[in-house]
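Chemist: File data22.pdb below, PDB, C-alpha atoms and all ligand atoms:
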ATOM      1  CA  MET A  32      60.035 -13.722 -13.882
ATOM      2  CA  LYS A  33      60.697 -10.967 -11.378
ATOM      3  CA  LYS A  34      62.650  -9.026 -13.967
ATOM      4  CA  VAL A  35      59.772  -9.157 -16.428
ATOM      5  CA  GLN A  36      57.397  -7.912 -13.779
ATOM      6  CA  LEU A  37      59.753  -5.081 -12.855
ATOM      7  CA  SER A  38      60.203  -3.881 -16.402
ATOM      8  CA  LEU A  39      56.470  -4.013 -16.935
ATOM      9  CA  LEU A  40      56.084  -1.931 -13.814
ATOM     10  CA  SER A  41      58.582   0.671 -15.006
ATOM     11  CA  LEU A  42      56.896   0.808 -18.373
ATOM     12  CA  ALA A  43      53.608   1.416 -16.639
ATOM     13  CA  LEU A  44      55.205   4.091 -14.479
ATOM     14  CA  LEU A  45      56.654   5.830 -17.503
ATOM     15  CA  ALA A  46      53.322   5.751 -19.228
ATOM     16  CA  PHE A  47      51.658   7.073 -16.086
ATOM     17  CA  VAL A  48      54.068   9.990 -15.703
ATOM     18  CA  GLY A  49      53.806  10.785 -19.389
ATOM     19  CA  CYS A  50      50.043  10.897 -19.308
ATOM     20  CA  LYS A  51      49.737  12.458 -15.910
ATOM     21  CA  ASN A  52      49.193  16.007 -17.080
ATOM     22  CA  GLU A  53      46.584  15.034 -19.626
ATOM     23  CA  THR A  54      44.907  12.658 -17.195
ATOM     24  CA  LYS A  55      44.723  15.375 -14.608
ATOM     25  CA  LYS A  56      43.120  17.740 -17.060
ATOM     26  CA  ALA A  57      40.604  15.115 -18.144
ATOM     27  CA  GLU A  58      39.880  14.319 -14.500
ATOM     28  CA  GLU A  59      39.225  17.957 -13.717
ATOM     29  CA  GLU A  60      36.952  18.307 -16.726
ATOM     30  CA  ALA A  61      35.055  15.167 -15.770
ATOM     31  CA  LYS A  62      34.688  16.469 -12.228
ATOM     32  CA  GLU A  63      33.262  19.750 -13.501
ATOM     33  CA  VAL A  64      30.758  17.921 -15.698
ATOM     34  CA  VAL A  65      29.681  15.701 -12.792
ATOM     35  CA  GLU A  66      29.240  18.745 -10.547
ATOM     36  CA  GLU A  67      27.135  20.491 -13.184
ATOM     37  CA  VAL A  68      24.936  17.412 -13.603
ATOM     38  CA  VAL A  69      24.483  17.095  -9.828
ATOM     39  CA  GLU A  70      23.421  20.742  -9.656
ATOM     40  CA  GLU A  71      20.931  20.227 -12.504
ATOM     41  CA  VAL A  72      19.501  17.102 -10.860
ATOM     42  CA  LYS A  73      19.145  18.948  -7.559
ATOM     43  CA  LYS A  74      17.204  21.673  -9.353
ATOM     44  CA  GLU A  75      15.010  19.326 -11.360
ATOM     45  CA  VAL A  76      14.185  16.533  -8.944
ATOM     46  CA  LYS A  77      12.593  17.133  -5.575
ATOM     47  CA  THR A  78      12.230  14.070  -3.390
ATOM     48  CA  VAL A  79      10.810  13.187   0.002
ATOM     49  CA  THR A  80      10.758   9.748   1.623
ATOM     50  CA  ILE A  81       8.670   9.056   4.729
ATOM     51  CA  PRO A  82       8.144   6.022   6.972
ATOM     52  CA  LEU A  83       4.697   4.440   7.388
ATOM     53  CA  GLU A  84       3.725   3.857  10.996
ATOM     54  CA  ALA A  85       1.422   0.995  12.075
ATOM     55  CA  LYS A  86      -1.952   2.238  13.351
ATOM     56  CA  SER A  87      -5.252   0.849  14.716
ATOM     57  CA  GLU A  88      -3.350  -2.068  16.296
ATOM     58  CA  SER A  89      -2.093  -3.269  12.919
ATOM     59  CA  SER A  90       1.474  -4.198  12.043
ATOM     60  CA  VAL A  91       1.484  -2.414   8.692
ATOM     61  CA  THR A  92       4.759  -0.577   8.134
ATOM     62  CA  GLY A  93       6.756   0.515   5.121
ATOM     63  CA  ASN A  94       7.807   3.668   3.369
ATOM     64  CA  VAL A  95       6.577   6.049   0.737
ATOM     65  CA  SER A  96       8.765   8.099  -1.555
ATOM     66  CA  PHE A  97       7.705  10.985  -3.730
ATOM     67  CA  SER A  98       9.816  12.535  -6.435
ATOM     68  CA  GLU A  99       8.959  15.407  -8.713
ATOM     69  CA  LYS A 100      10.450  15.947 -12.128
ATOM     70  CA  GLU A 101       9.280  18.260 -14.895
ATOM     71  CA  GLY A 102       5.956  18.908 -13.199
ATOM     72  CA  VAL A 103       5.064  15.273 -12.513
ATOM     73  CA  VAL A 104       5.115  13.736  -9.033
ATOM     74  CA  HIS A 105       5.862  10.016  -8.898
ATOM     75  CA  MET A 106       4.927   8.085  -5.741
ATOM     76  CA  VAL A 107       6.188   4.649  -4.739
ATOM     77  CA  ALA A 108       4.688   3.073  -1.588
ATOM     78  CA  LYS A 109       6.098  -0.174  -0.223
ATOM     79  CA  MET A 110       4.274  -1.893   2.620
ATOM     80  CA  SER A 111       4.332  -5.085   4.634
ATOM     81  CA  GLY A 112       2.200  -6.626   7.374
ATOM     82  CA  LEU A 113      -1.052  -6.202   5.445
ATOM     83  CA  THR A 114      -3.924  -8.668   5.350
ATOM     84  CA  ALA A 115      -4.517 -10.338   1.980
ATOM     85  CA  GLY A 116      -7.110  -8.571  -0.171
ATOM     86  CA  THR A 117      -7.909  -5.073  -1.416
ATOM     87  CA  HIS A 118      -6.787  -1.958   0.478
ATOM     88  CA  ALA A 119      -7.327   1.746  -0.097
ATOM     89  CA  ILE A 120      -4.533   4.318  -0.004
ATOM     90  CA  HIS A 121      -5.215   8.057   0.173
ATOM     91  CA  LEU A 122      -3.647  11.377   1.005
ATOM     92  CA  HIS A 123      -5.354  12.857   4.053
ATOM     93  CA  GLU A 124      -5.320  16.528   4.936
ATOM     94  CA  LYS A 125      -2.890  16.724   7.883
ATOM     95  CA  ALA A 126       0.614  15.337   8.438
ATOM     96  CA  ASP A 127      -0.446  14.250  11.922
ATOM     97  CA  CYS A 128      -0.319  10.510  12.592
ATOM     98  CA  SER A 129      -0.185  10.928  16.368
ATOM     99  CA  SER A 130      -3.501   9.304  17.345
ATOM    100  CA  ALA A 131      -3.737   5.509  17.715
ATOM    101  CA  ASP A 132      -6.383   5.311  14.964
ATOM    102  CA  ALA A 133      -4.650   7.891  12.699
ATOM    103  CA  LYS A 134      -7.822   9.976  12.659
ATOM    104  CA  SER A 135      -5.560  12.877  13.674
ATOM    105  CA  SER A 136      -4.667  13.044   9.963
ATOM    106  CA  GLY A 137      -8.169  14.360   9.223
ATOM    107  CA  GLY A 138     -10.321  13.616   6.191
ATOM    108  CA  HIS A 139      -9.238  13.152   2.601
ATOM    109  CA  TRP A 140      -7.121  15.975   1.216
ATOM    110  CA  ASN A 141      -9.666  17.853  -0.871
ATOM    111  CA  PRO A 142      -8.422  21.366  -1.625
ATOM    112  CA  THR A 143     -10.717  21.744  -4.639
ATOM    113  CA  PHE A 144     -13.919  20.827  -2.703
ATOM    114  CA  LYS A 145     -14.978  17.966  -4.977
ATOM    115  CA  ASP A 146     -16.877  14.769  -4.178
ATOM    116  CA  HIS A 147     -14.951  11.642  -3.247
ATOM    117  CA  GLY A 148     -14.378   9.292  -6.194
ATOM    118  CA  ALA A 149     -12.004   7.270  -8.321
ATOM    119  CA  TRP A 150      -8.988   9.262  -9.544
ATOM    120  CA  GLY A 151      -9.899  11.006 -12.795
ATOM    121  CA  ALA A 152     -13.671  10.366 -12.460
ATOM    122  CA  GLU A 153     -15.860  12.922 -14.249
ATOM    123  CA  THR A 154     -18.140  13.109 -11.215
ATOM    124  CA  GLY A 155     -15.184  14.388  -9.211
ATOM    125  CA  TYR A 156     -12.413  13.133  -6.981
ATOM    126  CA  HIS A 157     -10.281  14.406  -4.156
ATOM    127  CA  LYS A 158      -6.624  15.279  -4.776
ATOM    128  CA  GLY A 159      -5.913  12.543  -2.240
ATOM    129  CA  ASP A 160      -7.984   9.798  -3.901
ATOM    130  CA  ILE A 161      -5.141   7.544  -5.024
ATOM    131  CA  GLY A 162      -7.250   4.375  -5.039
ATOM    132  CA  ASN A 163      -6.970   0.683  -4.222
ATOM    133  CA  PHE A 164      -4.238  -1.936  -4.402
ATOM    134  CA  GLU A 165      -4.126  -5.714  -4.034
ATOM    135  CA  VAL A 166      -2.217  -7.691  -1.441
ATOM    136  CA  GLY A 167      -1.406 -11.393  -1.635
ATOM    137  CA  GLU A 168      -0.721 -13.987   1.041
ATOM    138  CA  ASP A 169       2.747 -12.578   1.790
ATOM    139  CA  GLY A 170       1.178  -9.393   3.162
ATOM    140  CA  THR A 171       3.277  -7.018   1.081
ATOM    141  CA  GLY A 172       1.937  -4.244  -1.109
ATOM    142  CA  ARG A 173       3.434  -1.891  -3.661
ATOM    143  CA  VAL A 174       1.734   1.121  -5.192
ATOM    144  CA  GLU A 175       3.119   3.338  -7.933
ATOM    145  CA  PHE A 176       1.269   6.477  -8.885
ATOM    146  CA  SER A 177       2.152   9.484 -11.032
ATOM    147  CA  THR A 178       0.323  12.759 -11.523
ATOM    148  CA  ASN A 179       0.847  16.338 -12.621
ATOM    149  CA  GLU A 180      -1.901  17.411 -10.178
ATOM    150  CA  TRP A 181       0.508  17.316  -7.240
ATOM    151  CA  CYS A 182       3.751  19.108  -6.464
ATOM    152  CA  ILE A 183       6.356  18.839  -3.722
ATOM    153  CA  GLY A 184       6.666  22.087  -1.816
ATOM    154  CA  CYS A 185       5.556  24.454  -4.614
ATOM    155  CA  GLY A 186       3.221  26.364  -2.293
ATOM    156  CA  ASP A 187       0.143  26.008  -4.545
ATOM    157  CA  ASN A 188      -2.615  24.935  -2.127
ATOM    158  CA  ASN A 189      -4.381  22.905  -4.813
ATOM    159  CA  LYS A 190      -1.247  20.877  -5.582
ATOM    160  CA  ASP A 191       1.215  20.869  -2.728
ATOM    161  CA  ILE A 192       1.398  17.508  -0.925
ATOM    162  CA  MET A 193       3.745  18.773   1.795
ATOM    163  CA  GLY A 194       2.012  18.764   5.181
ATOM    164  CA  LYS A 195      -0.476  16.067   4.113
ATOM    165  CA  ALA A 196      -0.468  12.386   5.152
ATOM    166  CA  VAL A 197      -0.422   9.035   3.386
ATOM    167  CA  VAL A 198      -3.067   6.744   4.926
ATOM    168  CA  VAL A 199      -3.514   3.027   4.213
ATOM    169  CA  HIS A 200      -6.871   1.437   5.053
ATOM    170  CA  GLN A 201      -7.965  -1.974   6.263
ATOM    171  CA  GLY A 202     -10.578  -2.233   3.494
ATOM    172  CA  ALA A 203     -11.256  -1.208  -0.091
ATOM    173  CA  ASP A 204     -12.430   2.180  -1.322
ATOM    174  CA  ASP A 205     -15.861   1.790  -3.019
ATOM    175  CA  PHE A 206     -15.308   5.148  -4.808
ATOM    176  CA  THR A 207     -18.937   6.160  -4.159
ATOM    177  CA  SER A 208     -19.552   6.446  -0.402
ATOM    178  CA  GLN A 209     -19.087  10.024   0.811
ATOM    179  CA  PRO A 210     -16.868  11.514   2.014
ATOM    180  CA  SER A 211     -14.216   8.824   2.025
ATOM    181  CA  GLY A 212     -15.169   5.616   0.206
ATOM    182  CA  ALA A 213     -15.987   3.516   3.305
ATOM    183  CA  ALA A 214     -12.517   1.971   3.367
ATOM    184  CA  GLY A 215     -12.536   1.117   7.074
ATOM    185  CA  ALA A 216      -9.868   1.504   9.747
ATOM    186  CA  ARG A 217      -6.644   3.396   9.097
ATOM    187  CA  VAL A 218      -3.962   0.746   9.458
ATOM    188  CA  SER A 219      -0.894   2.795   8.523
ATOM    189  CA  CYS A 220      -0.005   6.473   8.371
ATOM    190  CA  ALA A 221       2.888   8.686   7.274
ATOM    191  CA  GLY A 222       3.074  12.464   7.495
ATOM    192  CA  ILE A 223       4.540  14.097   4.388
ATOM    193  CA  ILE A 224       7.153  16.252   6.071
ATOM    194  CA  GLU A 225      10.873  16.773   5.479
TER     195      GLU A 225
HETATM  196 CU    CU A 301      -8.119   7.395   3.522
HETATM  197 ZN    ZN A 302     -11.577  10.944  -1.155
END
If you convert what's in this file into structure tokens, what do you get?
Modeler:
Amino acid sequence: MKKVQLSLLSLALLAFVGCKNETKKAEEEAKEVVEEVVEEVKKEVKTVTIPLEAKSESSVTGNVSFSEKEGVVHMVAKMSGLTAGTHAIHLHEKADCSSADAKSSGGHWNPTFKDHGAWGAETGYHKGDIGNFEVGEDGTGRVEFSTNEWCIGCGDNNKDIMGKAVVVHQGADDFTSQPSGAAGARVSCAGIIE
């Protein structure tokens, strides 16, 4: 039995030595390809992930990640500690969550000076008017949102979300009350900073 194992091992060794040069070349080529792809991905995809901080005596925490590819920003917000029901989520104008009620983040981010409304509404909407989401008994929430009206760090004041804040509200956005949809207390906040 041992003998069989040994001869198998030497066969494998022979094969290994024989192929070594070619393997090495293939390995190097593969490495180059991987490096090129990584460089391309770095160029194409910008990402920022930020933690949500509980505010207004809530226990709502979580995180929000933004990624930009080919001119479209995709947002994924994951939250827990919410009350069951409908909650609003917006981008507010300042990445400052320092006050206990998160009002330090200012009003809705509205670089184009439009009325507050539902995203895409003909009557107007703020660039921060993401909308509402539903939460069940387990208190967790997940929001996915994509738009080509935002960018990550492009420097265009009408699009750039860097330096703004994600704010989650205790209540629902009615999409009509001005200037912010009467969504109630700010229960969680995250500054969009790197
Ligand atoms: Cu808000
Ligand atoms: Zn608004």
Chemist: Give the residue list for ligand CU 301 (chain A) at 12 Å, counting only C-alpha atoms and all ligand atoms, as a ChimeraX atom specification, sorted by chain and then by residue number.
Modeler: /A:118-125,132-141,147-148,157-163,195-206,209-221
Chemist: Between atom ZN of ligand ZN 302 (chain A) and atom CA of A:Asp127, what is the spacing in Å?
Modeler: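 Between atom CA of A:Asp127 and atom ZN of ligand ZN 302 (chain A) the gap works out to 17.5 Å.
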Chemist: Extending 8 Å beyond the listed atoms of stretch 86-89 of chain A on each side, what axis-aligned box results? I want centre and edge lengths in Å to one decimal, as AutoDock Vina command-line options.
Modeler:
--center_x -3.6 --center_y -0.5 --center_z 14.6 --size_x 19.3 --size_y 21.5 --size_z 19.4
Chemist: Using atom CA of A:Met193 and atom CA of A:Glu180 as the two end points, give the distance in Å to one decimal.
Modeler: 13.3 Å
Chemist: Please evaluate the PyMOL selection byres (((chain A and resi 99-113) around 7) and not hetatm) against the structure above and give the resulting residues as a list in words.
Modeler: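 Applied to this file, the PyMOL selection byres (((chain A and resi 99-113) around 7) and not hetatm) selects Glu75, Val76, Lys77, Thr78, Ser90, Val91, Thr92, Gly93, Asn94, Val95, Ser96, Phe97, Ser98, Thr114, Ala115, Gly170, Thr171, Gly172, Arg173, Val174, Glu175, Phe176, Ser177, Thr178, Asn179, Trp181, Cys182 and Ile183 of chain A.
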Chemist: Just give me the gap between atom CA of A:Thr117 and atom CA of A:Gly167 in Å, one decimal is fine.
Modeler: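 It comes out at 9.1 Å.
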Chemist: Compile the contact shell of A:Ala131 as a list in words: residues with an atom at most 8 Å away, counting all atoms listed in the file, same-chain residues fewer than 4 positions apart removed.
Modeler: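 The neighbour list is Lys86, Ser87 and Glu88 of chain A.
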Chemist: Nearest to ligand ZN 302 (chain A): which of A:Ala85, A:Val69, A:Ala61, A:Ala152 is it, counting all atoms listed in the file?
Modeler: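 Result for the nearest residue to ligand ZN 302 (chain A): A:Ala152.
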Chemist: Which one is closest to ligand ZN 302 (chain A): A:Glu59, A:Glu71, A:Asp187, A:Asp146? Count all atoms listed in the file.
Modeler: A:Asp146
Chemist: Find, counting all atoms listed in the file, the residue in A:Asp191, A:Cys128, A:Thr207, A:Gly186 that gets nearest to A:Thr154.
Modeler: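 Closest to A:Thr154 of all the choices is A:Thr207.
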